[in-house]
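Data file: input.cif. Format and content: mmCIF, C-alpha atoms.
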```cif
data_entry
#
loop_
_atom_site.label_atom_id
_atom_site.label_comp_id
_atom_site.auth_asym_id
_atom_site.auth_seq_id
_atom_site.Cartn_x
_atom_site.Cartn_y
_atom_site.Cartn_z
CA MET U 1 0.00 0.00 0.00
CA THR U 2 1.40 3.37 -0.91
CA GLU U 3 0.18 6.52 0.72
CA ARG U 4 0.82 9.99 -0.63
CA HIS U 5 1.80 12.78 1.62
CA GLN U 6 0.14 16.08 1.28
CA ASP U 7 2.78 17.53 -1.01
CA GLY U 8 2.57 14.51 -3.32
CA SER U 9 5.81 12.77 -2.39
CA ALA U 10 5.69 9.07 -1.66
CA LEU U 11 5.59 7.95 1.93
CA ASP U 12 6.69 4.55 3.12
CA SER U 13 3.44 3.64 4.78
CA SER U 14 4.84 0.38 6.08
CA ALA U 15 6.87 2.29 8.71
CA LEU U 16 4.86 3.45 11.68
CA ASP U 17 5.90 5.61 14.54
CA GLY U 18 7.26 4.31 17.85
CA ASN U 19 4.29 6.00 19.49
CA ALA U 20 2.23 3.12 18.06
CA LEU U 21 4.13 0.69 20.34
CA ALA U 22 2.41 2.20 23.38
CA GLY U 23 -0.69 0.00 23.25
CA PRO U 24 1.03 -3.34 22.58
CA LEU U 25 3.69 -2.62 25.25
CA ALA U 26 1.00 -1.55 27.75
CA GLU U 27 -0.06 -5.19 27.75
CA ILE U 28 3.31 -6.08 29.23
CA PHE U 29 4.53 -3.10 31.26
CA ARG U 30 2.72 -1.12 33.90
CA VAL U 31 4.50 2.13 32.96
CA ASP U 32 4.55 3.69 29.51
CA VAL U 33 7.75 2.47 27.89
CA THR U 34 7.47 4.60 24.74
CA ALA U 35 8.59 7.62 26.78
CA ALA U 36 11.66 5.67 27.98
CA LEU U 37 15.01 6.68 26.54
CA GLY U 38 16.69 3.77 24.83
CA ARG U 39 20.20 3.37 23.50
CA CYS U 40 20.73 1.54 20.24
CA THR U 41 23.19 -1.34 20.63
CA ALA U 42 24.45 -0.88 17.08
CA CYS U 43 25.12 2.88 16.86
CA GLY U 44 24.66 4.18 20.41
CA LEU U 45 21.94 6.68 19.46
CA ASP U 46 19.82 7.74 22.44
CA GLY U 47 16.15 8.50 21.99
CA PRO U 48 12.66 7.70 23.19
CA LEU U 49 11.12 4.46 21.96
CA ALA U 50 8.42 6.76 20.53
CA SER U 51 10.93 7.83 17.87
CA LEU U 52 11.64 4.32 16.53
CA LEU U 53 10.49 3.20 13.07
CA VAL U 54 7.98 0.41 13.52
CA TYR U 55 7.27 -2.21 10.87
CA GLY U 56 4.29 -4.54 11.07
CA ARG U 57 0.81 -4.10 12.42
CA ALA U 58 -0.48 -5.11 15.83
CA PRO U 59 -1.70 -7.68 16.76
CA GLY U 60 0.85 -9.21 14.35
CA PRO U 61 4.63 -9.17 14.92
CA LEU U 62 6.26 -5.74 15.32
CA VAL U 63 9.85 -4.85 14.49
CA ALA U 64 11.19 -1.48 15.65
CA ARG U 65 14.31 -0.04 14.06
CA CYS U 66 16.68 2.73 15.07
CA PRO U 67 15.88 6.00 13.22
CA GLY U 68 19.63 6.66 12.98
CA CYS U 69 21.11 3.39 11.66
CA GLU U 70 18.01 1.24 10.99
CA ALA U 71 19.30 -1.63 13.15
CA VAL U 72 16.61 -3.67 14.86
CA VAL U 73 16.15 -2.31 18.37
CA LEU U 74 13.08 -4.22 19.54
CA ARG U 75 10.88 -7.06 18.37
CA LEU U 76 7.52 -7.97 19.81
CA VAL U 77 5.50 -11.05 18.96
CA ARG U 78 2.19 -11.57 20.61
CA GLY U 79 0.72 -15.05 20.67
CA PRO U 80 -2.65 -16.05 22.03
CA GLU U 81 -1.24 -16.90 25.47
CA GLU U 82 2.05 -15.04 25.76
CA ALA U 83 4.20 -12.29 24.35
CA TRP U 84 7.85 -12.48 23.26
CA LEU U 85 9.89 -9.32 23.57
CA ASP U 86 13.40 -9.27 22.09
CA LEU U 87 15.49 -6.29 23.24
CA THR U 88 18.84 -7.49 21.87
CA GLY U 89 19.20 -4.24 19.95
CA THR U 90 18.66 -2.06 23.02
CA ARG U 91 21.69 -1.48 25.18
CA CYS U 92 19.65 0.02 28.04
CA LEU U 93 16.38 1.79 28.79
CA ARG U 94 15.92 4.80 31.05
CA ILE U 95 12.32 4.72 32.18
CA PRO U 96 10.56 7.74 33.71
CA LEU U 97 8.54 6.67 36.74
CA GLY U 98 6.60 9.90 37.37
CA ASP U 99 2.80 10.18 37.03
CA MET X 1 -1.50 2.21 31.93
CA ALA X 2 -4.76 0.67 30.86
CA ALA X 3 -3.82 -2.47 28.97
CA GLY X 4 -7.16 -4.14 28.45
CA TRP X 5 -9.73 -3.78 25.73
CA ARG X 6 -13.04 -2.11 26.54
CA VAL X 7 -16.15 -2.18 24.43
CA ALA X 8 -17.10 1.37 23.45
CA ARG X 9 -20.15 2.55 21.57
CA LEU X 10 -20.36 5.19 18.89
CA ALA X 11 -22.31 8.10 20.35
CA GLY X 12 -21.92 10.69 17.61
CA VAL X 13 -20.13 11.67 14.45
CA HIS X 14 -19.03 14.95 12.94
CA ASP X 15 -17.57 15.26 9.47
CA GLU X 16 -14.52 17.53 9.49
CA THR X 17 -13.77 17.36 5.75
CA ALA X 18 -14.86 15.22 2.81
CA THR X 19 -12.49 12.47 4.02
CA ALA X 20 -12.16 12.95 7.78
CA ARG X 21 -14.71 12.18 10.45
CA THR X 22 -14.72 12.80 14.19
CA LEU X 23 -16.06 9.85 16.18
CA VAL X 24 -17.54 10.42 19.63
CA LEU X 25 -17.30 7.25 21.70
CA ASP X 26 -18.78 6.29 25.04
CA VAL X 27 -16.25 4.13 26.87
CA PRO X 28 -17.55 2.75 30.19
CA GLY X 29 -14.99 3.28 32.95
CA TRP X 30 -12.77 5.61 30.91
CA PRO X 31 -9.97 6.69 33.29
CA GLY X 32 -9.29 10.10 31.66
CA HIS X 33 -6.28 10.99 29.53
CA LEU X 34 -3.58 13.53 28.78
CA ALA X 35 -3.60 15.82 25.75
CA GLY X 36 -1.71 14.10 22.93
CA GLN X 37 -2.41 10.52 24.00
CA HIS X 38 -3.99 8.04 21.65
CA VAL X 39 -6.16 4.96 21.68
CA ASP X 40 -5.94 1.71 19.78
CA LEU X 41 -9.12 0.55 18.08
CA GLN X 42 -9.63 -3.11 17.21
CA LEU X 43 -11.95 -4.66 14.65
CA THR X 44 -12.64 -8.39 14.63
CA ALA X 45 -14.05 -10.07 11.53
CA GLU X 46 -16.46 -12.99 11.72
CA ASP X 47 -13.63 -15.40 10.93
CA GLY X 48 -11.62 -14.07 13.89
CA TYR X 49 -9.21 -11.91 11.87
CA GLN X 50 -8.28 -8.83 13.86
CA ALA X 51 -6.98 -5.44 12.79
CA GLN X 52 -5.75 -2.71 15.16
CA ARG X 53 -5.00 0.94 14.52
CA SER X 54 -3.89 3.84 16.69
CA TYR X 55 -5.80 7.11 16.62
CA SER X 56 -5.02 10.31 18.48
CA LEU X 57 -7.65 11.67 20.82
CA SER X 58 -8.79 15.09 19.64
CA ALA X 59 -10.30 16.51 22.83
CA PRO X 60 -10.20 16.13 26.61
CA ALA X 61 -12.58 13.47 27.96
CA ARG X 62 -16.01 14.42 29.26
CA GLY X 63 -16.68 11.65 31.74
CA ASP X 64 -16.77 8.42 29.75
CA ARG X 65 -16.99 10.26 26.45
CA ILE X 66 -13.96 10.60 24.18
CA GLU X 67 -13.40 11.98 20.68
CA LEU X 68 -11.01 11.05 17.94
CA THR X 69 -10.75 12.03 14.29
CA VAL X 70 -10.13 9.48 11.56
CA GLN X 71 -8.74 10.33 8.14
CA ARG X 72 -10.07 7.91 5.56
CA VAL X 73 -7.22 6.14 3.76
CA PRO X 74 -8.43 4.81 0.39
CA ASP X 75 -8.04 1.00 0.34
CA GLY X 76 -7.31 1.09 4.08
CA GLU X 77 -8.35 -1.87 6.17
CA VAL X 78 -9.88 0.02 9.07
CA SER X 79 -10.45 3.71 8.32
CA PRO X 80 -13.13 3.24 5.60
CA TYR X 81 -15.10 1.11 8.05
CA LEU X 82 -14.77 3.70 10.81
CA THR X 83 -15.70 6.64 8.59
CA GLU X 84 -18.36 5.09 6.38
CA VAL X 85 -19.86 2.02 8.03
CA LEU X 86 -19.78 2.39 11.82
CA THR X 87 -23.11 3.91 12.93
CA ILE X 88 -24.44 5.38 16.16
CA GLY X 89 -24.83 2.70 18.83
CA ASP X 90 -22.40 0.26 17.18
CA PRO X 91 -19.77 -1.34 19.45
CA ILE X 92 -16.04 -1.08 18.91
CA GLU X 93 -13.08 -2.27 21.00
CA VAL X 94 -10.87 0.43 22.48
CA ARG X 95 -7.56 0.18 24.34
CA GLY X 96 -6.11 3.17 26.13
CA PRO X 97 -5.30 5.84 26.77
CA VAL X 98 -1.75 4.97 25.68
CA GLY X 99 1.42 6.90 24.93
CA GLY X 100 3.33 9.04 27.40
CA TRP X 101 5.80 10.72 25.08
CA PHE X 102 3.79 13.03 22.84
CA VAL X 103 1.79 14.67 25.63
CA TRP X 104 1.28 18.19 26.96
CA ARG X 105 0.64 18.71 30.65
CA PRO X 106 -1.05 21.97 31.69
CA ALA X 107 1.35 22.24 34.67
CA ASP X 108 4.29 22.70 32.27
CA PRO X 109 4.97 26.47 32.28
CA ALA X 110 6.93 26.56 28.99
CA PRO X 111 5.32 28.31 26.02
CA VAL X 112 4.10 25.83 23.44
CA LEU X 113 4.72 25.67 19.71
CA LEU X 114 2.48 23.30 17.80
CA ILE X 115 3.23 22.41 14.18
CA ALA X 116 0.65 20.33 12.33
CA GLY X 117 0.74 18.85 8.84
CA GLY X 118 -2.67 17.78 7.55
CA ALA X 119 -4.28 15.17 9.80
CA GLY X 120 -1.45 15.80 12.26
CA ILE X 121 -3.65 18.52 13.73
CA VAL X 122 -5.60 15.93 15.76
CA PRO X 123 -3.44 15.50 18.90
CA LEU X 124 -2.43 19.17 18.75
CA MET X 125 -6.11 20.18 18.80
CA ALA X 126 -6.45 18.07 21.95
CA MET X 127 -3.72 20.26 23.48
CA VAL X 128 -5.47 23.50 22.42
CA ARG X 129 -8.79 22.23 23.78
CA THR X 130 -7.22 21.01 27.02
CA ARG X 131 -5.62 24.43 27.51
CA ARG X 132 -9.07 25.99 27.09
CA ALA X 133 -10.83 23.46 29.33
CA GLU X 134 -8.27 23.95 32.11
CA GLY X 135 -8.34 27.75 31.86
CA SER X 136 -4.58 27.64 31.23
CA ARG X 137 -2.89 30.87 30.15
CA THR X 138 0.23 29.19 28.78
CA PRO X 139 1.05 30.98 25.51
CA PHE X 140 0.41 28.71 22.52
CA ARG X 141 1.21 29.13 18.87
CA LEU X 142 -0.21 26.72 16.33
CA LEU X 143 1.11 26.50 12.78
CA TYR X 144 -1.17 24.31 10.69
CA SER X 145 -0.03 23.34 7.22
CA LEU X 146 -2.85 22.09 5.00
CA ARG X 147 -3.54 21.74 1.30
CA THR X 148 -6.57 23.97 0.78
CA PRO X 149 -9.20 25.69 2.95
CA ALA X 150 -11.49 22.67 2.33
CA ASP X 151 -8.99 20.45 4.19
CA LEU X 152 -9.30 22.37 7.45
CA TYR X 153 -10.26 20.21 10.44
CA TYR X 154 -12.15 21.84 13.35
CA ALA X 155 -12.86 24.76 11.01
CA GLU X 156 -15.36 26.56 13.23
CA GLU X 157 -13.06 26.60 16.26
CA LEU X 158 -9.91 27.48 14.35
CA ARG X 159 -11.45 30.24 12.22
CA ARG X 160 -13.39 31.83 15.08
CA PRO X 161 -11.60 30.78 18.26
CA PRO X 162 -13.70 30.75 21.46
CA ALA X 163 -12.88 33.27 24.21
CA GLY X 164 -10.83 30.72 26.17
CA ASP X 165 -8.37 30.54 23.30
CA ALA X 166 -7.00 34.05 23.86
CA GLY X 167 -3.24 33.61 23.88
CA ALA X 168 -3.41 30.61 21.55
CA ASP X 169 -2.54 32.00 18.12
CA VAL X 170 -3.45 30.03 15.02
CA THR X 171 -1.70 30.41 11.67
CA LEU X 172 -3.00 28.48 8.67
CA LEU X 173 -0.38 27.77 6.02
CA HIS X 174 -1.81 26.43 2.77
CA THR X 175 0.31 24.32 0.44
CA ARG X 176 -1.90 24.21 -2.71
CA SER X 177 -4.35 27.10 -2.60
CA GLY X 178 -5.15 29.62 0.10
CA PRO X 179 -8.35 31.53 0.81
CA PRO X 180 -9.15 34.56 -1.41
CA GLY X 181 -7.10 37.59 -0.43
CA SER X 182 -4.39 35.61 1.33
CA SER X 183 -0.98 37.24 0.88
CA ARG X 184 1.16 34.11 1.36
CA ILE X 185 1.89 32.16 -1.80
CA PRO X 186 0.82 28.53 -1.20
CA ALA X 187 3.91 26.51 -0.30
CA ARG X 188 5.21 23.86 2.00
CA LEU X 189 6.09 24.92 5.50
CA ASN X 190 9.43 26.72 5.46
CA ALA X 191 11.87 28.25 7.94
CA GLU X 192 10.47 31.74 7.38
CA ASP X 193 6.98 30.56 8.37
CA VAL X 194 8.31 29.02 11.57
CA GLU X 195 10.44 32.05 12.38
CA ARG X 196 7.61 34.49 11.73
CA HIS X 197 4.73 32.64 13.39
CA GLY X 198 6.48 30.43 15.98
CA TRP X 199 8.41 31.28 19.14
CA PRO X 200 12.05 32.31 19.09
CA PRO X 201 14.32 29.56 20.48
CA GLU X 202 15.36 31.84 23.38
CA PHE X 203 11.82 31.43 24.76
CA GLU X 204 12.61 27.72 25.11
CA PRO X 205 9.19 26.57 23.95
CA ALA X 206 8.01 22.98 24.14
CA CYS X 207 7.60 22.03 20.47
CA TYR X 208 5.20 19.38 19.23
CA VAL X 209 5.24 18.36 15.57
CA CYS X 210 2.71 15.95 14.09
CA GLY X 211 2.00 14.99 10.50
CA PRO X 212 3.14 12.65 7.74
CA THR X 213 6.72 11.38 8.03
CA GLY X 214 8.27 13.74 5.48
CA PHE X 215 6.52 16.76 6.96
CA VAL X 216 7.62 15.88 10.49
CA GLU X 217 11.22 15.40 9.48
CA ALA X 218 11.28 18.69 7.54
CA ALA X 219 9.64 20.64 10.39
CA ALA X 220 11.93 19.14 13.05
CA ASP X 221 14.90 20.00 10.87
CA ILE X 222 13.73 23.61 10.50
CA LEU X 223 13.30 23.92 14.28
CA THR X 224 16.80 22.58 14.93
CA LYS X 225 18.33 24.90 12.32
CA LEU X 226 16.55 27.89 13.89
CA GLY X 227 18.25 26.99 17.16
CA HIS X 228 15.63 25.01 19.05
CA ASP X 229 17.04 22.31 21.31
CA PRO X 230 16.16 18.95 19.72
CA ARG X 231 15.33 17.66 23.20
CA ARG X 232 12.42 20.13 23.29
CA VAL X 233 11.02 18.90 20.00
CA ARG X 234 8.59 15.99 20.29
CA THR X 235 7.32 14.36 17.15
CA GLU X 236 4.57 12.04 16.07
CA ARG X 237 4.16 10.74 12.56
CA PHE X 238 0.57 10.02 11.75
CA GLY X 239 1.52 6.95 9.76
CA ALA X 240 0.57 5.42 13.11
CA GLY X 241 -3.06 6.26 12.48
CA GLY X 242 -3.26 5.36 8.82
CA GLY X 243 -5.03 2.47 7.20
#
```
Structure encoded using structure tokens:
Amino acid sequence: MTERHQDGSALDSSALDGNALAGPLAEIFRVDVTAALGRCTACGLDGPLASLLVYGRAPGPLVARCPGCEAVVLRLVRGPEEAWLDLTGTRCLRIPLGD
Amino acid sequence: MAAGWRVARLAGVHDETATARTLVLDVPGWPGHLAGQHVDLQLTAEDGYQAQRSYSLSAPARGDRIELTVQRVPDGEVSPYLTEVLTIGDPIEVRGPVGGWFVWRPADPAPVLLIAGGAGIVPLMAMVRTRRAEGSRTPFRLLYSLRTPADLYYAEELRRPPAGDAGADVTLLHTRSGPPGSSRIPARLNAEDVERHGWPPEFEPACYVCGPTGFVEAAADILTKLGHDPRRVRTERFGAGGG
């Protein structure tokens, strides 16, 4: 599926925004993890999970890539009974605990 | 965080443009939300196939009642159903509110700069409406880039702002054709627009940019080049709501 952005240029509609991880990750974590600052294992870029490029559509498998180097930072697969979360590409997460 | 799915019912609709519709949903037990948060909606077909999409909330909650605006994506899996088929009283599954990154809290004293591209206005409108509902006097500036006057969401409120919106300045920036008598030549958002109608970086505004991917990247780049601290620039690409 190809979407067109308002000025007519093509947009890769397969990439979503890391903000879209909030719902699927809320099934697993009690705090919002999209506001957490993560560090990419591959390039060291720091940024909120909300800024990742997300491929796939929930409830199917989701792959989130670093906006800097496009390495895989996070993978989430949700089965009927359990979820698998692969954070190999994330060196660490700094999670705000306010609110 | 509310992780479970709730069954909401469609309580009202309002067409914003020829292709965008605001849905008013009653969600029993809605816990309230922050401006900028979104919900996930889920459709389940008779054969069990499920599709989920994220949509930004467009207004503060009123009790159990929430509002979101859906842009119809031709050939989309979910948005044509939501904008053309779903009728008053119909059930729909809702998860949320979710998202803690792209949010504005009225207690934050920093001036606010909102930059919207097309349907990216939705979560930013929630911020403007929350400011009004809370009686906040935080200075806001909204730059809203849109194709033509017919593409304007929330037209009544943005053209004739209610009294509570004093101090929230709205600039409409058309990319294809402007209203009669407009002096700006239709064009994509550029640095001059942001410099003229936004806040200077020395004011250290909280910047929120929402729109299609290319628009968001261009606007964030302009802000950084004008001297805004990238850490004060929060972005949301509405690819998340498409389909």
Coordinates-based distance that separates CA of Arg39 (chain U) from CA of Asp86 (chain U) (Å, one decimal):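 It comes out at 14.4 Å.
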Please identify all residues of chain U having at least one atom at most 6 Å from any atom of chain X, considering all atoms listed in the file, and return them as a list in words. Leu16, Asp17, Ala20, Ala22, Gly23, Ala26, Glu27, Arg30, Asp32, Ala35 and Ala58 of chain U
I need the residue set behind the PyMOL selection byres ((chain X and resi 107-110) around 10) for this file; please write it as a ChimeraX atom specification. /X:104-106,111-113,136-140,203-207
Would you list the residues near (-3.3, 22.9, 21.6) (no more than 12 Å away, in the coordinates of the file, using all atoms listed in the file) as JSON, numbers by chain? {"X": [34, 35, 36, 58, 59, 60, 103, 104, 105, 106, 111, 112, 113, 114, 115, 116, 120, 121, 122, 123, 124, 125, 126, 127, 128, 129, 130, 131, 132, 133, 134, 136, 137, 138, 139, 140, 141, 142, 143, 144, 157, 158, 161, 164, 165, 166, 167, 168, 169, 170, 206, 207, 208, 209, 210]}
Selected by the PyMOL selection byres ((chain U and resi 93) around 7) in the shown coordinates: which residues, as a ChimeraX atom specification? /U:36-39,92,94-95
Name the residues, using the chain letters and numbers of the file, that sit within 7 Å of (3.9, -10.2, 16.5) when counting all atoms listed in the file, and give them as a ChimeraX atom specification. /U:58-62,76-78
Using CA of Val33 (chain U) and CA of Val72 (chain U) as the two end points, give the distance in Å to one decimal.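 Answer for the CA of Val33 (chain U) to CA of Val72 (chain U) separation: 16.9 Å.
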Is it possible to get the axis-aligned box enclosing region 169-181 of chain X (all listed atoms, 6 Å extra per side) as lines of an AutoDock Vina configuration file, with centre and edge lengths in Å rounded to one decimal?
```
center_x = -4.4
center_y = 30.9
center_z = 7.7
size_x = 21.5
size_y = 25.4
size_z = 32.8
```
Between CA of Ile66 (chain X) and CA of Arg21 (chain X), measure the distance and give it in Å to one decimal.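 Computing it gives 13.8 Å between the two atoms.
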Using only C-alpha atoms, which of X:Glu202, X:Asp26, X:Asp151, X:Glu84 sits nearest Leu173 (chain X)?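 Checking each of X:Glu202, X:Asp26, X:Asp151, X:Glu84 against Leu173 (chain X), counting only C-alpha atoms, the winner is X:Asp151.
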Go through U:Leu25, U:Val73, U:Leu87, U:Cys40 one by one, measure the shortest atom-to-atom distance of each to Leu53 (chain U) using all atoms listed in the file, and give the residue with the smallest value.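 So, comparing all the options, the nearest one is U:Val73.
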Please produce region 71-99 of chain U, completed to N, CA and C atoms, as a PDB file, in the coordinates of the input.
```
ATOM      1  N   ALA U  71      19.143  -0.311  12.505  1.00  0.00           N
ATOM      2  CA  ALA U  71      19.300  -1.630  13.150  1.00  0.00           C
ATOM      3  C   ALA U  71      18.036  -1.963  13.931  1.00  0.00           C
ATOM      4  N   VAL U  72      17.773  -3.248  14.086  1.00  0.00           N
ATOM      5  CA  VAL U  72      16.610  -3.670  14.860  1.00  0.00           C
ATOM      6  C   VAL U  72      16.869  -3.424  16.346  1.00  0.00           C
ATOM      7  N   VAL U  73      16.002  -2.667  16.967  1.00  0.00           N
ATOM      8  CA  VAL U  73      16.150  -2.310  18.370  1.00  0.00           C
ATOM      9  C   VAL U  73      15.240  -3.167  19.252  1.00  0.00           C
ATOM     10  N   LEU U  74      14.081  -3.506  18.732  1.00  0.00           N
ATOM     11  CA  LEU U  74      13.080  -4.220  19.540  1.00  0.00           C
ATOM     12  C   LEU U  74      12.198  -5.047  18.627  1.00  0.00           C
ATOM     13  N   ARG U  75      11.852  -6.242  19.101  1.00  0.00           N
ATOM     14  CA  ARG U  75      10.880  -7.060  18.370  1.00  0.00           C
ATOM     15  C   ARG U  75       9.842  -7.568  19.358  1.00  0.00           C
ATOM     16  N   LEU U  76       8.603  -7.537  18.932  1.00  0.00           N
ATOM     17  CA  LEU U  76       7.520  -7.970  19.810  1.00  0.00           C
ATOM     18  C   LEU U  76       6.608  -8.903  19.026  1.00  0.00           C
ATOM     19  N   VAL U  77       6.425 -10.093  19.559  1.00  0.00           N
ATOM     20  CA  VAL U  77       5.500 -11.050  18.960  1.00  0.00           C
ATOM     21  C   VAL U  77       4.485 -11.438  20.009  1.00  0.00           C
ATOM     22  N   ARG U  78       3.227 -11.255  19.647  1.00  0.00           N
ATOM     23  CA  ARG U  78       2.190 -11.570  20.610  1.00  0.00           C
ATOM     24  C   ARG U  78       1.437 -12.810  20.148  1.00  0.00           C
ATOM     25  N   GLY U  79       1.496 -13.847  20.955  1.00  0.00           N
ATOM     26  CA  GLY U  79       0.720 -15.050  20.670  1.00  0.00           C
ATOM     27  C   GLY U  79      -0.573 -15.013  21.451  1.00  0.00           C
ATOM     28  N   PRO U  80      -1.389 -16.054  21.305  1.00  0.00           N
ATOM     29  CA  PRO U  80      -2.650 -16.050  22.030  1.00  0.00           C
ATOM     30  C   PRO U  80      -2.472 -16.086  23.549  1.00  0.00           C
ATOM     31  N   GLU U  81      -1.410 -16.736  24.027  1.00  0.00           N
ATOM     32  CA  GLU U  81      -1.240 -16.900  25.470  1.00  0.00           C
ATOM     33  C   GLU U  81      -0.088 -16.103  26.048  1.00  0.00           C
ATOM     34  N   GLU U  82       0.871 -15.722  25.206  1.00  0.00           N
ATOM     35  CA  GLU U  82       2.050 -15.040  25.760  1.00  0.00           C
ATOM     36  C   GLU U  82       2.668 -14.119  24.715  1.00  0.00           C
ATOM     37  N   ALA U  83       3.513 -13.226  25.230  1.00  0.00           N
ATOM     38  CA  ALA U  83       4.200 -12.290  24.350  1.00  0.00           C
ATOM     39  C   ALA U  83       5.703 -12.534  24.434  1.00  0.00           C
ATOM     40  N   TRP U  84       6.394 -12.377  23.310  1.00  0.00           N
ATOM     41  CA  TRP U  84       7.850 -12.480  23.260  1.00  0.00           C
ATOM     42  C   TRP U  84       8.397 -11.091  22.937  1.00  0.00           C
ATOM     43  N   LEU U  85       9.290 -10.631  23.790  1.00  0.00           N
ATOM     44  CA  LEU U  85       9.890  -9.320  23.570  1.00  0.00           C
ATOM     45  C   LEU U  85      11.395  -9.491  23.471  1.00  0.00           C
ATOM     46  N   ASP U  86      11.962  -9.136  22.317  1.00  0.00           N
ATOM     47  CA  ASP U  86      13.400  -9.270  22.090  1.00  0.00           C
ATOM     48  C   ASP U  86      14.007  -7.863  22.117  1.00  0.00           C
ATOM     49  N   LEU U  87      14.865  -7.617  23.102  1.00  0.00           N
ATOM     50  CA  LEU U  87      15.490  -6.290  23.240  1.00  0.00           C
ATOM     51  C   LEU U  87      16.994  -6.356  22.970  1.00  0.00           C
ATOM     52  N   THR U  88      17.411  -7.345  22.181  1.00  0.00           N
ATOM     53  CA  THR U  88      18.840  -7.490  21.870  1.00  0.00           C
ATOM     54  C   THR U  88      19.446  -6.184  21.349  1.00  0.00           C
ATOM     55  N   GLY U  89      18.674  -5.451  20.576  1.00  0.00           N
ATOM     56  CA  GLY U  89      19.200  -4.240  19.950  1.00  0.00           C
ATOM     57  C   GLY U  89      19.176  -3.006  20.849  1.00  0.00           C
ATOM     58  N   THR U  90      18.741  -3.193  22.082  1.00  0.00           N
ATOM     59  CA  THR U  90      18.660  -2.060  23.020  1.00  0.00           C
ATOM     60  C   THR U  90      19.706  -2.248  24.096  1.00  0.00           C
ATOM     61  N   ARG U  91      20.644  -1.313  24.189  1.00  0.00           N
ATOM     62  CA  ARG U  91      21.690  -1.480  25.180  1.00  0.00           C
ATOM     63  C   ARG U  91      21.132  -1.240  26.584  1.00  0.00           C
ATOM     64  N   CYS U  92      20.287  -0.212  26.732  1.00  0.00           N
ATOM     65  CA  CYS U  92      19.650   0.020  28.040  1.00  0.00           C
ATOM     66  C   CYS U  92      18.442   0.910  27.816  1.00  0.00           C
ATOM     67  N   LEU U  93      17.595   0.955  28.824  1.00  0.00           N
ATOM     68  CA  LEU U  93      16.380   1.790  28.790  1.00  0.00           C
ATOM     69  C   LEU U  93      16.364   2.648  30.043  1.00  0.00           C
ATOM     70  N   ARG U  94      16.097   3.934  29.877  1.00  0.00           N
ATOM     71  CA  ARG U  94      15.920   4.800  31.050  1.00  0.00           C
ATOM     72  C   ARG U  94      14.455   5.153  31.108  1.00  0.00           C
ATOM     73  N   ILE U  95      13.780   4.688  32.139  1.00  0.00           N
ATOM     74  CA  ILE U  95      12.320   4.720  32.180  1.00  0.00           C
ATOM     75  C   ILE U  95      11.814   5.734  33.192  1.00  0.00           C
ATOM     76  N   PRO U  96      11.111   6.767  32.748  1.00  0.00           N
ATOM     77  CA  PRO U  96      10.560   7.740  33.710  1.00  0.00           C
ATOM     78  C   PRO U  96       9.478   7.076  34.557  1.00  0.00           C
ATOM     79  N   LEU U  97       9.508   7.322  35.859  1.00  0.00           N
ATOM     80  CA  LEU U  97       8.540   6.670  36.740  1.00  0.00           C
ATOM     81  C   LEU U  97       7.541   7.660  37.336  1.00  0.00           C
ATOM     82  N   GLY U  98       7.558   8.907  36.874  1.00  0.00           N
ATOM     83  CA  GLY U  98       6.600   9.900  37.370  1.00  0.00           C
ATOM     84  C   GLY U  98       5.185   9.570  36.913  1.00  0.00           C
ATOM     85  N   ASP U  99       4.223  10.348  37.367  1.00  0.00           N
ATOM     86  CA  ASP U  99       2.800  10.180  37.030  1.00  0.00           C
ATOM     87  C   ASP U  99       2.226   8.887  37.549  1.00  0.00           C
TER      88      ASP U  99
END
```
